[in-house]
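Student: Dumping the structure here so I can ask a few things about it.
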Amino acid sequence: MIKAQRGTKDIFGDEVATWQWIFENAKKTFQNADFTEIKTPIFEATELFNRGVGDSTDIVNKEMYTFKVGGAEKNETSITLRPENTAGVVRSFIEHNLNRQSPPQKFWYFGPMFRYERPQAGRQRQFHQAGIELFGIKEPTADAEVIMLAVDFLNALGLNNLTVELNTLGCNKCKNEYKESIKKVLLPYLEELCDDCKMRYKKNPLRILDCKNENCQKIFEIKEIKEIILKDYVCDECREHFTELQSYLDNLNIKYTINKMLVRGLDYYNRTVFEIKSEALGSQSAVCGGGRYDGLVEMLGGTPTPAIGFAMGVERLYTLVDKVAPKKNDFFIVSNNSNEAIKLARKLRLKNKRASFDLQKRKFAKQLEKASKTAKYAIILGEDEINENYYSLKNLATGEQKAIKTFEELLNLS
RNA sequence: GCGGGUAUCGCCAAGUGGUUAAGGCCCCGGAUUGUGGUUCCGGUAUACGUGGGUUCGAGUCCCACUACCCGCCCCA
């Protein structure tokens, strides 16, 4: 027996209604905000992620589905199943010269991503992300709009008790100063840090702040270190940007907490970063992560373009939302005359009604039983009805049944 | 990559070395050849994760493997 691969999952049956509902809410929320859907390929050149996501990240270093295609004789190309979608959207933005359109250029997406990790609660190897990317705006209004949409989308799903965490990493200049200061103050304690942090110290020192190791946490509490960590390295411009963003959020009545330790794992972020968390999720608590990536378009070969976006984990959203019950059909046609039943089903469907009928010539009682389980109304189309040219419409919730003369009347009554 | 747990029909689940592996749900049929959702009766199913071992005898004990779940790391 061939089974679904580890960390993958079939979505079918009762789960479908909720998945579709999440998708419809994303579509509605983002389209109303003038974002257009973008579907980029599931696989891209490996190089895109190496450069785009960053080669100091776990994603690139140990989690990518990478393989060669094209055969040994041809020019082999290394491709990778997308582990996230920002790099792909940026590639598309550059490739199609979308910077020539009037900014902002706004996109939303919803689709599968792939990371080779140990599966556990809220984490699959093939999982789905819904997200948005906004290009061409350096003003903090863009940051505010993006965060607002994240919150509004979650609210639309009935998720109101989530925490928005906010931080600014500063521009490249501030980020570097911050990095160097942290390295400097931690240097005497380097040997006491955990192995991961020793690695981070070299490759990406800001990530040290993300460490949950108890001993490392203790070190961060040391007065002089804490001072450096909490000290604002942001330049005046960056500070102003951040302050302005906060005033927009305050004005929108969006609650948030500032978390100086919030760094995020992808290399491309600068200035605003944010996460939205739920305590109900256990250790995979983040449902949404995002931030500004003003340098990424240029780094991938485009003209310098400020940008900001977020991604949400749909499987995590799914565990949090109230499940949507599958809808019943509008009609089930009960008839022993397959020709009449199939014709009527078609007519109803063309009028945008959900209708089904018996395909097995089953007994009347069985057909009605099926109808009562799957539909709101049964249309009984027996010999009497066909001969005398009417429909018997039975409301399956109340048991009430009446004779209906015309097809139009049938549509109106349901 | 490192720890802990679990594995019996489609789903839930009994079973603690001894006939032919309970039961419930779902599904199918009948009671009821044109009136369902309640009830009653009956039925289908390649179910003990895989491979070894111990034993007269293994779903049950032992070993290995695999998968899934949970935690760490990381991320959405």
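To be explicit about the labels: the chains of the structure tokens are called A, B, and onward in the order shown, and within each one the residues are counted from 1, while ligands get numbers from 1 in the order they are shown.
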Compile the residues of chain A that lie within 6 Å of chain B, evaluated using only C-alpha atoms (C1' of nucleotides), and express the compilation as number ranges by chain.
Tutor: A: 287-288, 312-313, 368-369, 372
Student: Would you list the contacts of range 51-63 of chain B as a list in words, taking every protein, DNA or RNA residue within 12 Å and counting only C-alpha atoms (C1' of nucleotides), but skipping same-chain residues closer than 4 positions in sequence?
Tutor: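 Near neighbours after the sequence-gap exclusion: A7, U8, A14, G15, U16, G17, G18, U19, A21 and A47 of chain B.
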Student: Find the residues around Ser78 in chain A up to 12 Å (only C-alpha atoms (C1' of nucleotides) counted), leave out those fewer than 5 positions away in its own chain, and share them as a PyMOL selection string.
Tutor: chain A and resi 43-50+64-72
Student: Using N, CA, C and O atoms, can you write the selected residues to a file as an mmCIF file, in the first residue's frame?
Tutor:
```cif
data_model
loop_
_atom_site.group_PDB
_atom_site.id
_atom_site.type_symbol
_atom_site.label_atom_id
_atom_site.label_comp_id
_atom_site.auth_asym_id
_atom_site.auth_seq_id
_atom_site.Cartn_x
_atom_site.Cartn_y
_atom_site.Cartn_z
ATOM 1 N N PHE A 43 7.888 25.359 -8.080
ATOM 2 C CA PHE A 43 9.347 25.223 -7.981
ATOM 3 C C PHE A 43 10.054 26.362 -8.700
ATOM 4 O O PHE A 43 9.524 26.941 -9.639
ATOM 5 N N GLU A 44 11.224 26.684 -8.207
ATOM 6 C CA GLU A 44 12.024 27.786 -8.725
ATOM 7 C C GLU A 44 13.484 27.340 -8.758
ATOM 8 O O GLU A 44 13.847 26.306 -8.188
ATOM 9 N N ALA A 45 14.300 28.123 -9.375
ATOM 10 C CA ALA A 45 15.730 27.853 -9.337
ATOM 11 C C ALA A 45 16.207 27.886 -7.889
ATOM 12 O O ALA A 45 15.846 28.779 -7.119
ATOM 13 N N THR A 46 16.994 26.918 -7.515
ATOM 14 C CA THR A 46 17.501 26.848 -6.142
ATOM 15 C C THR A 46 18.193 28.143 -5.737
ATOM 16 O O THR A 46 18.058 28.619 -4.607
ATOM 17 N N GLU A 47 18.911 28.694 -6.701
ATOM 18 C CA GLU A 47 19.641 29.934 -6.481
ATOM 19 C C GLU A 47 18.756 31.055 -5.924
ATOM 20 O O GLU A 47 19.199 31.857 -5.089
ATOM 21 N N LEU A 48 17.503 31.076 -6.379
ATOM 22 C CA LEU A 48 16.596 32.126 -5.908
ATOM 23 C C LEU A 48 16.461 32.109 -4.389
ATOM 24 O O LEU A 48 16.480 33.154 -3.742
ATOM 25 N N PHE A 49 16.342 30.916 -3.841
ATOM 26 C CA PHE A 49 16.136 30.829 -2.395
ATOM 27 C C PHE A 49 17.446 30.998 -1.634
ATOM 28 O O PHE A 49 17.471 31.577 -0.555
ATOM 29 N N ASN A 50 18.528 30.478 -2.215
ATOM 30 C CA ASN A 50 19.826 30.689 -1.578
ATOM 31 C C ASN A 50 20.080 32.173 -1.366
ATOM 32 O O ASN A 50 20.487 32.598 -0.287
ATOM 33 N N MET A 64 15.290 22.463 2.547
ATOM 34 C CA MET A 64 14.758 22.622 1.193
ATOM 35 C C MET A 64 14.663 21.300 0.441
ATOM 36 O O MET A 64 15.529 20.441 0.552
ATOM 37 N N TYR A 65 13.596 21.159 -0.326
ATOM 38 C CA TYR A 65 13.442 20.048 -1.259
ATOM 39 C C TYR A 65 14.120 20.449 -2.565
ATOM 40 O O TYR A 65 13.539 21.142 -3.392
ATOM 41 N N THR A 66 15.362 20.034 -2.706
ATOM 42 C CA THR A 66 16.153 20.443 -3.858
ATOM 43 C C THR A 66 16.536 19.230 -4.684
ATOM 44 O O THR A 66 16.909 18.195 -4.129
ATOM 45 N N PHE A 67 16.405 19.321 -5.987
ATOM 46 C CA PHE A 67 16.847 18.213 -6.836
ATOM 47 C C PHE A 67 17.220 18.719 -8.222
ATOM 48 O O PHE A 67 16.902 19.838 -8.601
ATOM 49 N N LYS A 68 17.908 17.839 -8.917
ATOM 50 C CA LYS A 68 18.371 18.211 -10.259
ATOM 51 C C LYS A 68 17.433 17.625 -11.288
ATOM 52 O O LYS A 68 16.950 16.522 -11.137
ATOM 53 N N VAL A 69 17.237 18.352 -12.340
ATOM 54 C CA VAL A 69 16.428 17.852 -13.446
ATOM 55 C C VAL A 69 17.160 18.107 -14.756
ATOM 56 O O VAL A 69 18.082 18.913 -14.822
ATOM 57 N N GLY A 70 16.755 17.389 -15.784
ATOM 58 C CA GLY A 70 17.329 17.653 -17.104
ATOM 59 C C GLY A 70 18.262 16.566 -17.589
ATOM 60 O O GLY A 70 18.607 16.518 -18.763
ATOM 61 N N GLY A 71 18.649 15.650 -16.696
ATOM 62 C CA GLY A 71 19.509 14.559 -17.133
ATOM 63 C C GLY A 71 20.961 14.972 -17.196
ATOM 64 O O GLY A 71 21.287 16.151 -17.285
ATOM 65 N N ALA A 72 21.822 13.980 -17.151
ATOM 66 C CA ALA A 72 23.250 14.241 -17.025
ATOM 67 C C ALA A 72 23.830 14.945 -18.254
ATOM 68 O O ALA A 72 24.720 15.776 -18.141
#
```
Student: Could you give me, as an mmCIF file with N, CA and C atoms, in the first residue's frame, each residue of range 40-109 of chain A that DSSP assigns to strand (DSSP E or B) when run on this structure's backbone?
Tutor:
```cif
data_model
loop_
_atom_site.group_PDB
_atom_site.id
_atom_site.type_symbol
_atom_site.label_atom_id
_atom_site.label_comp_id
_atom_site.auth_asym_id
_atom_site.auth_seq_id
_atom_site.Cartn_x
_atom_site.Cartn_y
_atom_site.Cartn_z
ATOM 1 N N PHE A 43 7.888 25.359 -8.080
ATOM 2 C CA PHE A 43 9.347 25.223 -7.981
ATOM 3 C C PHE A 43 10.054 26.362 -8.700
ATOM 4 N N GLU A 44 11.224 26.684 -8.207
ATOM 5 C CA GLU A 44 12.024 27.786 -8.725
ATOM 6 C C GLU A 44 13.484 27.340 -8.758
ATOM 7 N N ALA A 45 14.300 28.123 -9.375
ATOM 8 C CA ALA A 45 15.730 27.853 -9.337
ATOM 9 C C ALA A 45 16.207 27.886 -7.889
ATOM 10 N N THR A 66 15.362 20.034 -2.706
ATOM 11 C CA THR A 66 16.153 20.443 -3.858
ATOM 12 C C THR A 66 16.536 19.230 -4.684
ATOM 13 N N PHE A 67 16.405 19.321 -5.987
ATOM 14 C CA PHE A 67 16.847 18.213 -6.836
ATOM 15 C C PHE A 67 17.220 18.719 -8.222
ATOM 16 N N LYS A 68 17.908 17.839 -8.917
ATOM 17 C CA LYS A 68 18.371 18.211 -10.259
ATOM 18 C C LYS A 68 17.433 17.625 -11.288
ATOM 19 N N VAL A 69 17.237 18.352 -12.340
ATOM 20 C CA VAL A 69 16.428 17.852 -13.446
ATOM 21 C C VAL A 69 17.160 18.107 -14.756
ATOM 22 N N THR A 77 19.784 21.558 -14.180
ATOM 23 C CA THR A 77 19.335 22.707 -13.425
ATOM 24 C C THR A 77 18.959 22.243 -12.034
ATOM 25 N N SER A 78 19.418 22.948 -11.033
ATOM 26 C CA SER A 78 19.002 22.615 -9.678
ATOM 27 C C SER A 78 17.758 23.418 -9.358
ATOM 28 N N ILE A 79 16.680 22.691 -9.055
ATOM 29 C CA ILE A 79 15.441 23.392 -8.704
ATOM 30 C C ILE A 79 15.039 23.024 -7.283
ATOM 31 N N THR A 80 14.184 23.862 -6.700
ATOM 32 C CA THR A 80 13.760 23.674 -5.318
ATOM 33 C C THR A 80 12.279 23.964 -5.203
ATOM 34 N N LEU A 81 11.581 23.080 -4.483
ATOM 35 C CA LEU A 81 10.179 23.358 -4.181
ATOM 36 C C LEU A 81 10.127 24.549 -3.230
ATOM 37 N N GLN A 105 2.393 48.256 -5.965
ATOM 38 C CA GLN A 105 1.989 47.018 -6.627
ATOM 39 C C GLN A 105 1.681 46.017 -5.514
ATOM 40 N N LYS A 106 0.436 45.523 -5.527
ATOM 41 C CA LYS A 106 -0.022 44.731 -4.379
ATOM 42 C C LYS A 106 -0.488 43.351 -4.818
ATOM 43 N N PHE A 107 0.022 42.334 -4.157
ATOM 44 C CA PHE A 107 -0.290 40.949 -4.534
ATOM 45 C C PHE A 107 -0.671 40.120 -3.309
ATOM 46 N N TRP A 108 -1.555 39.166 -3.537
ATOM 47 C CA TRP A 108 -1.821 38.175 -2.488
ATOM 48 C C TRP A 108 -1.703 36.784 -3.090
ATOM 49 N N TYR A 109 -1.445 35.810 -2.224
ATOM 50 C CA TYR A 109 -1.311 34.436 -2.706
ATOM 51 C C TYR A 109 -1.841 33.470 -1.663
#
```
Student: Near Ile386 in chain A, within 12 Å and counting only C-alpha atoms (C1' of nucleotides), which residues show up once chain neighbours fewer than 2 positions away are dropped, as an MDAnalysis selection string?
Tutor: chainID A and resid 335:341 344 379:384 388:392 405
Student: May I ask for the distance between CA of Lys3 in chain A and CA of Met113 in chain A, given in Å to one decimal place?
Tutor: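 Interatomic distance, CA of Lys3 in chain A to CA of Met113 in chain A: 20.0 Å.
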